[in-house]
Amino acid sequence: MVVSPMNYLSAFICAFFTLLVVSGCNNEDKLSLSQRSVIYCAEGSPETFNPQLVTSGTTIDATSNQLYDRLIAYRGAENELVPSLAKSWHVTRDGKKITFYLRKNVTFHQTDYFTPSRLLNADDVLFSFNRILDEKHPFHLVSGGHYPFFQNIEFKSLIDKIEKINDYTIRFHLTRTDNTFLANLAADFSVILSAEYAQQLTKISAQQNIDTMPIGTGPFKLKEYRVGSLIRFYRHDAYWQAPAQMEQLVFDITSSNTGRLTKLLAKECDVSSYPIAHEKIIEHNDLILESITALNVGYFAFNTTKAPFDNVLVRQAIAYAINKEVLLDTIYQGHAELANSILPNSSWAHDTKIKAQEFNLLKAQNLLTQAGYPGGFSMDLWAMPVQRPYNPNAINMAKLLQADLKKINVKVNIVSYEWNTFLHRLSLGEHQTFLLGWSADHPDPDNFFTPMLSCSASYTGSNRTFWCNKHYDDLIHKALKTNNINKRKQYYSQAMAIISAEVPLIPIAHSKRYQARNKDIIGDIIAPFGGISFYQVSKLTISEEKVLPLNNDESDERSTEAVN
């Protein structure tokens with residue numbers, strides 16, 4: 001696998017054509033290959049090629065829906081749970097036994113480094129989940145032994161055992177009723193790996209390759225990864241559903257917002273993540289700016305184990321000193337809603353009675369005095385280096401917070417690192433305060449409460465505030481055990497009140513997720529939650545483009561609607 005960075009995308013494309021087009025690199029062949037390929041300008045590199053190991057959006061976007069499948073999946077505007085690798089399932093009346101019936105025609109990827117000899121079966125499901133659950137499993141400690149999503153939801157204590165009924169039937173035995181179990185199995189992290197591939201890697205003592213040289217059942221397979229430069233995928237022609245329409249998918253990794261915009265305008269990218277200069281994009285009739293209301297929250301948070309932020313009065317003072325309206329107007333520019341809690345307004349568990357945060361410098365100063373800091377103090381604020389849907393510009397937001405806190409004599413030193421380093425050092429707790437956010441993996445409200453702020457999540461590192469409140473944990477556990485929606489809402493409302501009083505973090509905004517694409521790219525890519533998918537994406541041919549209206553009124557209409 002090549003790991004040296006690529007300097008120029010044009011050089012890659014030329015090599016790309018030369019390797020794959022047998023008849024040579026003439027103009028006609030280039031055009032043909034271009035029509036069968038999509039280039040996506042991504043904002044960052046994945047931490048791994050196995051989404052079981054992390055919770056970062058850059059990794060999920062590059063892996064979950066491109067390389068893998070899950071037992072079940074979400075579909076449609078109603079977020080209906082539908083079959084995927086499991087053609088059907090059955091839940092007992094007490095909710096403690098769930099049986100999945102697997103498809104019999106699912107093939108794993110054939111690549112330069114692996115050729116499968118059999119179809120997917122129950123052994124692959126057992127391997128995928130027992131690796132996570134069993135600390136003595138030969139692959140549990142490969143790549144570090146951390147499975148944050150599953151540790152956050154206390155998956156190990158929930159699963160009594162996983163039983164293989166036969167080659168195509170698997171039964172999960174639960175220790176308790178959990179209303180989010182199916183939702184979690186449909187999340188982007190619950191992917192199915194190849195047990196046969198794991199056996200092959202064991203024979204050559206290369207177990208770590210299971211997470212860096214991936215094998216899945218998804219619509220694309222990995223061909224090449226150049227760190228910090230590009231990821232190249234080929235179509236999985238033997239996919240159990242209809243094969244993807246595009247033969248090749250390239251992630252061009254461009255961390256600079258301006259760089260991605262430049263490449264989009266120069267036609268070096270077909271699709272761009274997190275675009276800036278929306279008005280400029282709309283001016284181009286050959287581009288489409290689209291958005292989707294995402295289930296997310298951007299926030300400013302504290303490491304509650306480090307002074308002075310282990311003092312709730314200090315955290316409350318900081319909250320009073322932040323002018324969230326200015327942050328919303330300046331950073332999000334009207335493309336987000338003010339957040340009064342971690343839960344978006346669109347969630348069924350959102351509590352409209354939660355009060356908006358008050359901006360009051362006098363109260364902030366008084367609280368600092370009570371806390372023993374009448375003259376203020378100095379602090380570090382870690383700002384993420386990449387653009388995410390919940391925060392389009394963390395560095396600029398940090399500068400605004402710096403100006404706000406200066407008014408109460410708190411001096412802010414802004415710190416930033418490369419994205420993967422940033423996340424790693426956060427998980428180690430080296431920070432004092434930080435700007436980050438959360439994008440939901442599925443629509444159940446527990447996906448905000450548990451991974452963001454539970455005690456279990458503070459141990460695994462996805463709760464970077466390291467705040468642990470037993471009463472809060474008791475409430476969210478009770479919410480999982482009842483089927484009564486009204487009771488669940490009451491528990492979550494009480495949990496939100498605790499967050500508001502304790503202030504482990506300050507919710508700032510619930511934002512839309514934006515994407516820009518050339519008008520010849522057809523199909524849905526972004527979704528309200530989880531990662532992106534290029535499975536159903538296609539590209540118009542030249543002849544098809546000619547029949548489009550000259551002014552592309554339909555595209556202009558979509559762009560205007562997205563921005564408004």
# chains A, B, ... in the order shown; residues from 1 in each chain; ligands from 1
>>> select_by_dssp(residues="region 74-198 of chain A", states="strand (DSSP E or B)", output="ChimeraX atom specification")
/A:74-75,80-83,86-91,97-102,159-166,169-174
>>> write_last_selection(atoms="C-alpha atoms", output="PDB file, in the first residue's frame")
ATOM      1  CA  TYR A  74     -32.402   2.888   7.778  1.00  0.00           C
ATOM      2  CA  ARG A  75     -34.442   3.954   4.758  1.00  0.00           C
ATOM      3  CA  GLU A  80     -37.677   3.009   8.781  1.00  0.00           C
ATOM      4  CA  LEU A  81     -35.553   0.032   9.827  1.00  0.00           C
ATOM      5  CA  VAL A  82     -35.216  -2.294   6.829  1.00  0.00           C
ATOM      6  CA  PRO A  83     -33.346  -5.529   5.998  1.00  0.00           C
ATOM      7  CA  ALA A  86     -30.188  -9.868   7.349  1.00  0.00           C
ATOM      8  CA  LYS A  87     -33.204 -10.467   5.133  1.00  0.00           C
ATOM      9  CA  SER A  88     -35.499 -10.480   8.195  1.00  0.00           C
ATOM     10  CA  TRP A  89     -35.470 -10.588  11.991  1.00  0.00           C
ATOM     11  CA  HIS A  90     -37.693 -11.536  14.923  1.00  0.00           C
ATOM     12  CA  VAL A  91     -37.909 -10.029  18.410  1.00  0.00           C
ATOM     13  CA  LYS A  97     -34.025 -12.381  22.118  1.00  0.00           C
ATOM     14  CA  ILE A  98     -33.518 -11.042  18.599  1.00  0.00           C
ATOM     15  CA  THR A  99     -33.003 -13.522  15.770  1.00  0.00           C
ATOM     16  CA  PHE A 100     -31.563 -12.479  12.399  1.00  0.00           C
ATOM     17  CA  TYR A 101     -31.938 -14.516   9.207  1.00  0.00           C
ATOM     18  CA  LEU A 102     -29.025 -13.826   6.858  1.00  0.00           C
ATOM     19  CA  ILE A 159     -25.251  -8.873  25.363  1.00  0.00           C
ATOM     20  CA  ASP A 160     -25.515 -12.112  27.317  1.00  0.00           C
ATOM     21  CA  LYS A 161     -24.385 -14.178  24.319  1.00  0.00           C
ATOM     22  CA  ILE A 162     -24.595 -14.396  20.533  1.00  0.00           C
ATOM     23  CA  GLU A 163     -25.780 -17.792  19.360  1.00  0.00           C
ATOM     24  CA  LYS A 164     -25.203 -19.367  15.967  1.00  0.00           C
ATOM     25  CA  ILE A 165     -28.364 -21.323  15.168  1.00  0.00           C
ATOM     26  CA  ASN A 166     -27.084 -22.403  11.750  1.00  0.00           C
ATOM     27  CA  THR A 169     -29.269 -17.679  11.484  1.00  0.00           C
ATOM     28  CA  ILE A 170     -27.900 -15.659  14.413  1.00  0.00           C
ATOM     29  CA  ARG A 171     -29.606 -14.959  17.750  1.00  0.00           C
ATOM     30  CA  PHE A 172     -28.656 -12.172  20.172  1.00  0.00           C
ATOM     31  CA  HIS A 173     -29.539 -12.857  23.810  1.00  0.00           C
ATOM     32  CA  LEU A 174     -29.856  -9.615  25.815  1.00  0.00           C
TER      33      LEU A 174
END
>>> residues_around(residues="region 303-319 of chain A", least_positions_apart="6", cutoff="7 Å", atoms="only C-alpha atoms", output="PyMOL selection string")
chain A and resi 364-365+367-368+371+431-433+464-467+502-504+506
>>> closest_residue(among="A:Ser416, A:Asn79, A:Ser229, A:Thr202", to="Tyr40 (chain A)", atoms="only C-alpha atoms")
A:Ser229
>>> closest_residue(among="A:Tyr225, A:Tyr299, A:Tyr373, A:Trp438", to="Ala394 (chain A)", atoms="only C-alpha atoms")
A:Tyr299
>>> closest_residue(among="A:Ser64, A:Gln370, A:Asn483, A:Ser378", to="Phe220 (chain A)", atoms="only C-alpha atoms")
A:Ser64
>>> residues_around(residues="Ile354 (chain A)", least_positions_apart="6", cutoff="9 Å", atoms="only C-alpha atoms", output="list in words")
Asn340, Ser341, Ser493, Met496, Ala497 and Ser500 of chain A
>>> closest_residue(among="A:Phe233, A:His278, A:Met213, A:Ala238", to="Val250 (chain A)", atoms="only C-alpha atoms")
A:Phe233
>>> closest_residue(among="A:Ile331, A:Leu141, A:Met384, A:Leu133", to="Glu154 (chain A)", atoms="only C-alpha atoms")
A:Leu133
>>> select_by_dssp(residues="region 119-243 of chain A", states="helix (DSSP H, G or I)", output="PyMOL selection string")
chain A and resi 122-133+142-144+148-152+155-158+181-185+195-203+209-212
>>> closest_residue(among="A:His140, A:Arg36, A:His284, A:Lys96", to="Arg176 (chain A)", atoms="only C-alpha atoms")
A:Lys96
